[in-house]
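Chemist: Please see the structure below; I have some questions.
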Amino acid sequence: MAPIGTIIGPTTNNTRNYKARIVAQFLGIDLATTPDFVMNVDNKKEEYLAKYPAGKVPVFEGADGFHLTDSSAIAYYVASQAGSNSPLLGQTAEETAEILQYMFFAEADLMPAIAGTLYSIQGFIHYIKPAQQYSEEQCFRFLGVLDAILLSKTFLVGERITIADIILACDLMTVYTAYLTSEDRKKYRNVTRYFKTMINQPAFKAVIEVTLCVERVKPQPSAKDAKKAEKKAEKKPAEQPKKAEKKAKEVDEDEEMEAPAPKPKSKLDLLPPPKMVLDDWKRFYSNNATKPDAMNWLWEHYDDEGYSFWKVEYKYNDELAKLFMTNNLIGGHFNRLERARKYAFGNLLTLGKDDDNMIWGYFMVRGKTIPEEVADAADFESFAWTAADHNDPKTRAEIEDCFAWEGPSLPRECYDGKTFK
Ligand SMILES: N[C@@H](CCC(=O)N[C@@H](CS)C(=O)NCC(=O)O)C(=O)O
């Protein structure tokens with residue numbers, strides 16, 4: 001069957017994108033995606049803005065030309081394609097109203113609180129301590145409200161999964177993967193049980209494998225703050241120590257400035273521009289057969305000065321159990337590598353069988369050393385990174401097989417994997 005349309009936007013690291021795709025999986029509806037979408041490039045193009053003036057993602061374009069914005073509206077529309085008795089929608093006016101109640105709660109109450117808790121410490125927006133604290137309080141309050149509701153319920157509306165559950169679980173994903181440690185999760189046992197039930201549904205797993213937070217995301221300066229700090233440093237390179245001390249004291253007294261000291265922008269941005277643009281490679285890789293087409297393209301365009309290859313192996317393979325858990329672990333690691341996305345590409349594969357498997361792969365990164373955007377990841381130490389010479393025929397064959405997820409040079413049978421792009 002032809003797809004009903006396309007959900008347009010980044011297909012990874014975007015919980016809003018997952019909603020409609022999970023709905024489609026639940027209902028066996030064919031919904032196309034845009035895996036090579038480049039955030040903040042493709043959604044700022046004239047032709048995109050002509051159809052979707054807010055320039056946000058995700059959006060939907062139906063096979064019949066119907067345009068829609070807002071992830072929850074898109075998910076609702078996809079759910080409605082199963083007909084008026086769609087199992088994910090309400091069957092009575094009351095059920096429909098309850099579904100809407102939870103959808104609005106998720107979007108209008110919970111999401112802003114989660115965003116306010118996380119975005120500033122993830123470096124997406126400026127950090128203002130009282131604002132972050134207020135959002136965290138709100139977030140915990142709403143989690144408490146949900147916990148009470150879910151004490152006696154498996155799902156939000158009636159006795160079955162509805163679209164409200166899919167939307168809420170997607171909206172909870174950020175806080176469960178980046179903020180709520182196992183200690184925190186114990187305070188919201190019912191929400192945690194509910195969240196785990198949802199993310200373990202096959203329709204969820206077909207779209208996203210979720211790894212629960214191990215360590216709270218560390219504060220990152222926003223791009224704006226980093227730029228400001230850099231400009232300041234450029235202007236006043238030789239500030240007198242006394243003056244600097246006084247400044248530091250003033251800053252201490254100012255709650256708003258209690259954010260971590262902004263770091264300068266990536267050192268990698270100061271390197272001479274590479275001959276090969278990483279996004280061009282990512283796009284080519286996404287749109288072509290890996291072997292031979294994409295690999296031929298890579299070897300033709302690869303810029304040895306601007307990039308380096310690294311073999312990446314998990315240090316604790318003997319602790320790995322089920323294959324799907326190993327693959328989840330890779331997904332979690334990739335989430336923690338978010339800062340490196342602009343500078344790195346790689347594949348990590350889950351090789352072997354249940355209770356006897358390993359993580360193995362290759363990364364290509366900007367520069368000739370491991371970028372700090374990679375080394376700063378909370379779980380970086382769990383992986384061994386070894387410099388790889390792509391001119392060595394054995395290594396080259398391994399890189400090709402790794403990027404293709406198949407081939408004779410893989411150390412063991414490939415069960416699954418993930419691409420960092
Ligand atoms: N309520 C909207 C929010 C969409 C939204 O804010 N998307 C973000 C990415 S997750 C975005 O497009 N940001 C870019 C921008 O605002 O320019 C939805 O659920 O689709």
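The chains in the structure tokens are called A, B, ... from first to last as shown; in each chain the residues are counted from 1, and the ligands are counted from 1 in the order shown.
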Name the residues in contact with Pro272 in chain A at a cut-off of 12 Å, using only C-alpha atoms, excluding same-chain residues fewer than 6 positions from it; report them as a ChimeraX atom specification.

Modeler: /A:303,305-307,366-367

Chemist: Do a neighbour search on Gln201 in chain A at 12 Å with only C-alpha atoms, toss out local chain neighbours closer than 2 positions, and write the hits as a count of residues only.

Modeler: 22

Chemist: Around ligand 1, at most 6 Å away and counting only C-alpha atoms and all ligand atoms, which residues are there? Put them as a CSV table (one decimal) with N, CA, C and O atoms, in the first residue's frame, please.

Modeler:
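Result file follows (out-v5.csv):
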```csv
chain,number,residue,atom,x,y,z
A,14,ASN,N,14.2,13.2,18.1
A,14,ASN,CA,13.1,14.1,18.0
A,14,ASN,C,11.8,13.4,18.4
A,14,ASN,O,11.2,12.8,17.6
A,16,ARG,N,9.0,14.4,19.1
A,16,ARG,CA,7.8,14.8,18.4
A,16,ARG,C,7.6,14.1,17.1
A,16,ARG,O,6.5,13.8,16.7
A,55,GLY,N,8.1,27.2,10.3
A,55,GLY,CA,9.5,26.6,10.1
A,55,GLY,C,9.8,25.6,11.2
A,55,GLY,O,11.0,25.3,11.4
A,56,LYS,N,8.7,25.1,11.8
A,56,LYS,CA,9.0,24.1,12.9
A,56,LYS,C,8.9,22.7,12.3
A,56,LYS,O,8.4,22.4,11.2
A,57,VAL,N,9.4,21.7,13.1
A,57,VAL,CA,9.2,20.3,12.7
A,57,VAL,C,8.5,19.6,13.9
A,57,VAL,O,8.7,20.0,15.0
A,58,PRO,N,7.9,18.5,13.7
A,58,PRO,CA,7.6,17.9,12.4
A,58,PRO,C,6.4,18.5,11.7
A,58,PRO,O,5.6,19.2,12.4
A,70,ASP,N,2.1,20.5,13.7
A,70,ASP,CA,2.0,20.0,15.2
A,70,ASP,C,2.0,18.5,15.3
A,70,ASP,O,1.1,17.8,14.7
A,71,SER,N,2.9,18.0,16.0
A,71,SER,CA,3.1,16.6,16.1
A,71,SER,C,1.9,15.8,16.7
A,71,SER,O,1.6,14.7,16.2
A,72,SER,N,1.2,16.5,17.6
A,72,SER,CA,0.0,15.7,18.2
A,72,SER,C,-1.1,15.7,17.2
A,72,SER,O,-1.8,14.7,17.0
```

Chemist: How many Å separate CA of Glu46 in chain A from CA of Ala344 in chain A?

Modeler: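 Computing the Euclidean distance for CA of Glu46 in chain A and CA of Ala344 in chain A yields 28.0 Å.
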
Chemist: What's the 7 Å shell around range 332-339 of chain A, counting only C-alpha atoms, without same-chain residues fewer than 5 positions away, as a list in words?

Modeler: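 Contacts, in chain order: Thr211, Glu373, Val374, Ala377, Ala378, Asp379 and Phe420 of chain A.
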
Chemist: Which neighbours of Ala115 in chain A fall inside 10 Å, counting only C-alpha atoms, when residues of the same chain fewer than 5 positions from it are skipped, and could you give them as JSON, numbers by chain?

Modeler: {"A": [110, 120, 121, 122, 124, 125, 132, 135, 136, 139, 171, 174, 175]}

Chemist: Enumerate as a CSV table (one decimal) with N, CA and C atoms, in the first residue's frame all residues of range 360-418 of chain A assigned to strand (DSSP E) by DSSP on the backbone, naming them with the chain letters and numbers the document uses.

Modeler:
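Result file part.csv:
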```
chain,number,residue,atom,x,y,z
A,360,TRP,N,30.7,-3.1,18.5
A,360,TRP,CA,31.8,-2.9,17.7
A,360,TRP,C,31.5,-1.9,16.6
A,361,GLY,N,32.4,-1.1,16.2
A,361,GLY,CA,32.1,-0.2,15.1
A,361,GLY,C,33.2,0.8,14.8
A,362,TYR,N,32.9,1.7,13.9
A,362,TYR,CA,33.8,2.8,13.5
A,362,TYR,C,33.2,4.1,13.5
A,363,PHE,N,34.0,5.1,13.8
A,363,PHE,CA,33.6,6.5,13.8
A,363,PHE,C,34.5,7.3,12.9
A,364,MET,N,33.9,8.3,12.2
A,364,MET,CA,34.8,9.2,11.4
A,364,MET,C,34.5,10.6,12.1
A,365,VAL,N,35.5,11.3,12.5
A,365,VAL,CA,35.3,12.6,13.2
A,365,VAL,C,36.1,13.7,12.6
A,366,ARG,N,35.7,14.9,12.8
A,366,ARG,CA,36.5,16.1,12.4
A,366,ARG,C,37.7,16.1,13.2
A,383,PHE,N,33.9,3.0,26.4
A,383,PHE,CA,34.2,2.6,25.0
A,383,PHE,C,35.7,2.8,24.8
A,384,ALA,N,36.3,1.9,24.1
A,384,ALA,CA,37.7,2.1,23.7
A,384,ALA,C,37.8,2.6,22.3
A,385,TRP,N,38.4,3.8,22.1
A,385,TRP,CA,38.6,4.4,20.8
A,385,TRP,C,40.0,4.2,20.4
A,386,THR,N,40.2,3.6,19.2
A,386,THR,CA,41.6,3.3,18.7
A,386,THR,C,41.7,3.9,17.3
A,387,ALA,N,42.8,4.7,17.1
A,387,ALA,CA,42.9,5.4,15.8
A,387,ALA,C,43.0,4.3,14.7
A,388,ALA,N,42.3,4.5,13.6
A,388,ALA,CA,42.3,3.5,12.5
A,388,ALA,C,42.8,4.1,11.2
A,414,CYS,N,26.0,-9.9,12.6
A,414,CYS,CA,25.4,-8.6,13.0
A,414,CYS,C,23.9,-8.8,13.3
A,415,TYR,N,23.5,-8.5,14.5
A,415,TYR,CA,22.1,-8.5,14.9
A,415,TYR,C,21.4,-7.2,14.5
A,416,ASP,N,22.0,-6.1,14.9
A,416,ASP,CA,21.4,-4.8,14.7
A,416,ASP,C,22.5,-3.8,14.9
A,417,GLY,N,22.1,-2.5,14.8
A,417,GLY,CA,23.1,-1.5,15.0
A,417,GLY,C,22.5,-0.1,15.0
A,418,LYS,N,23.3,0.9,15.1
A,418,LYS,CA,22.7,2.2,15.0
A,418,LYS,C,23.8,3.1,14.3
```

Chemist: Point out the residue among A:Tyr302, A:Thr162, A:Thr15, A:Ala54 with the least atom-to-atom distance to Val277 in chain A, counting only C-alpha atoms.

Modeler: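 Using only C-alpha atoms, Val277 in chain A sits closest to A:Tyr302.
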
Chemist: Quick one: residues within 9 Å of Gln81 in chain A, only C-alpha atoms, excluding same-chain residues fewer than 5 positions away - as a PyMOL selection string?

Modeler: chain A and resi 4+27+29+76+86

Chemist: Give me a file of those residues, with all heavy atoms, as a PDB file, in the first residue's frame.

Modeler:
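Resulting contents of part.pdb:
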```
ATOM      1  N   ILE A   4       0.358   6.980   3.301  1.00  0.00           N
ATOM      2  CA  ILE A   4      -0.711   7.988   3.334  1.00  0.00           C
ATOM      3  C   ILE A   4      -0.122   9.392   3.193  1.00  0.00           C
ATOM      4  O   ILE A   4      -0.828  10.350   2.923  1.00  0.00           O
ATOM      5  CB  ILE A   4      -1.540   7.924   4.642  1.00  0.00           C
ATOM      6  CG1 ILE A   4      -0.630   8.128   5.866  1.00  0.00           C
ATOM      7  CG2 ILE A   4      -2.305   6.641   4.745  1.00  0.00           C
ATOM      8  CD1 ILE A   4      -1.391   8.560   7.092  1.00  0.00           C
ATOM      9  N   LEU A  27      -1.083   0.824  14.004  1.00  0.00           N
ATOM     10  CA  LEU A  27      -2.246   0.573  13.148  1.00  0.00           C
ATOM     11  C   LEU A  27      -1.868  -0.077  11.821  1.00  0.00           C
ATOM     12  O   LEU A  27      -2.745  -0.313  10.984  1.00  0.00           O
ATOM     13  CB  LEU A  27      -2.967   1.908  12.895  1.00  0.00           C
ATOM     14  CG  LEU A  27      -3.512   2.585  14.155  1.00  0.00           C
ATOM     15  CD1 LEU A  27      -4.054   3.965  13.833  1.00  0.00           C
ATOM     16  CD2 LEU A  27      -4.589   1.733  14.813  1.00  0.00           C
ATOM     17  N   ILE A  29      -0.208   1.321   9.450  1.00  0.00           N
ATOM     18  CA  ILE A  29      -0.375   2.327   8.387  1.00  0.00           C
ATOM     19  C   ILE A  29       0.994   2.696   7.838  1.00  0.00           C
ATOM     20  O   ILE A  29       1.956   2.843   8.597  1.00  0.00           O
ATOM     21  CB  ILE A  29      -1.084   3.584   8.973  1.00  0.00           C
ATOM     22  CG1 ILE A  29      -2.558   3.256   9.228  1.00  0.00           C
ATOM     23  CG2 ILE A  29      -0.937   4.784   8.059  1.00  0.00           C
ATOM     24  CD1 ILE A  29      -3.325   4.348   9.932  1.00  0.00           C
ATOM     25  N   TYR A  76      -2.799  12.468  15.569  1.00  0.00           N
ATOM     26  CA  TYR A  76      -4.255  12.272  15.606  1.00  0.00           C
ATOM     27  C   TYR A  76      -4.776  11.969  14.201  1.00  0.00           C
ATOM     28  O   TYR A  76      -5.588  11.061  14.003  1.00  0.00           O
ATOM     29  CB  TYR A  76      -4.935  13.538  16.159  1.00  0.00           C
ATOM     30  CG  TYR A  76      -6.344  13.294  16.629  1.00  0.00           C
ATOM     31  CD1 TYR A  76      -6.598  13.024  17.967  1.00  0.00           C
ATOM     32  CD2 TYR A  76      -7.403  13.317  15.737  1.00  0.00           C
ATOM     33  CE1 TYR A  76      -7.892  12.772  18.406  1.00  0.00           C
ATOM     34  CE2 TYR A  76      -8.694  13.067  16.163  1.00  0.00           C
ATOM     35  CZ  TYR A  76      -8.927  12.798  17.500  1.00  0.00           C
ATOM     36  OH  TYR A  76     -10.202  12.548  17.931  1.00  0.00           O
ATOM     37  N   SER A  86     -11.256   3.787  14.881  1.00  0.00           N
ATOM     38  CA  SER A  86      -9.814   3.618  15.099  1.00  0.00           C
ATOM     39  C   SER A  86      -9.540   3.220  16.548  1.00  0.00           C
ATOM     40  O   SER A  86      -9.973   3.905  17.476  1.00  0.00           O
ATOM     41  CB  SER A  86      -9.094   4.935  14.787  1.00  0.00           C
ATOM     42  OG  SER A  86      -7.748   4.820  15.181  1.00  0.00           O
TER      43      SER A  86
END
```

Chemist: Just to confirm, what's the straight-line distance from CA of Tyr102 in chain A to CA of Arg216 in chain A in Å (one decimal)?

Modeler: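 For CA of Tyr102 in chain A relative to CA of Arg216 in chain A, the distance reads 26.9 Å.
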
Chemist: What is the CA of Leu143 in chain A-CA of Glu215 in chain A distance in Å, reported with one decimal?

Modeler: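 Going from CA of Leu143 in chain A over to CA of Glu215 in chain A covers 19.1 Å.
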
Chemist: I need the residues in range 196-419 of chain A that are helix (DSSP H, G or I) according to DSSP; give them as a ChimeraX atom specification.

Modeler: /A:196-199,202-205,223-235,241-253,255-257,267-270,278-287,290-301,317-319,323-336,338-343,372-375,380-382,393-404

Chemist: Quick one: residues within 9 Å of range 151-159 of chain A, only C-alpha atoms, excluding same-chain residues fewer than 2 positions away - as a list in words?

Modeler: Gly90, Glu95, Thr96, Glu98, Ile99, Tyr102, Leu146, Asp147, Ala148, Ile149, Ile161, Thr162, Ala164, Asp165, Arg189, Asn190, Val191, Arg193, Tyr194 and Thr197 of chain A

Chemist: I need the residue nearest Val78 in chain A from this list: A:Met358, A:Ala397, A:Val217, A:Leu31. Use only C-alpha atoms for the distance.

Modeler: A:Leu31

Chemist: List as a list in words the protein and nucleic acid residues near Pro408 in chain A, meaning an atom at most 12 Å away when only C-alpha atoms are counted, but skip any in the same chain fewer than 6 places from it.

Modeler: Lys394, Ala397, Glu398, Ile399, Glu400, Asp401, Cys402 and Cys414 of chain A

Chemist: Once you have the residues from the selection above, write them out as a tab-separated table (two decimals), in the first residue's frame, restricted to N, CA and C atoms.

Modeler:
```
chain	number	residue	atom	x	y	z
A	394	LYS	N	42.82	-3.99	5.33
A	394	LYS	CA	41.98	-4.74	6.28
A	394	LYS	C	41.03	-3.76	7.01
A	397	ALA	N	38.31	-2.49	4.71
A	397	ALA	CA	37.23	-3.48	4.52
A	397	ALA	C	36.32	-3.49	5.75
A	398	GLU	N	36.92	-3.38	6.93
A	398	GLU	CA	36.11	-3.36	8.16
A	398	GLU	C	35.20	-2.13	8.20
A	399	ILE	N	35.76	-0.98	7.81
A	399	ILE	CA	34.94	0.25	7.82
A	399	ILE	C	33.76	0.07	6.86
A	400	GLU	N	34.06	-0.48	5.68
A	400	GLU	CA	32.98	-0.64	4.68
A	400	GLU	C	31.90	-1.59	5.21
A	401	ASP	N	32.33	-2.71	5.78
A	401	ASP	CA	31.34	-3.68	6.28
A	401	ASP	C	30.58	-3.11	7.47
A	402	CYS	N	31.30	-2.36	8.28
A	402	CYS	CA	30.66	-1.76	9.46
A	402	CYS	C	29.59	-0.77	9.01
A	414	CYS	N	25.97	-9.89	12.56
A	414	CYS	CA	25.37	-8.61	12.96
A	414	CYS	C	23.87	-8.81	13.26
```
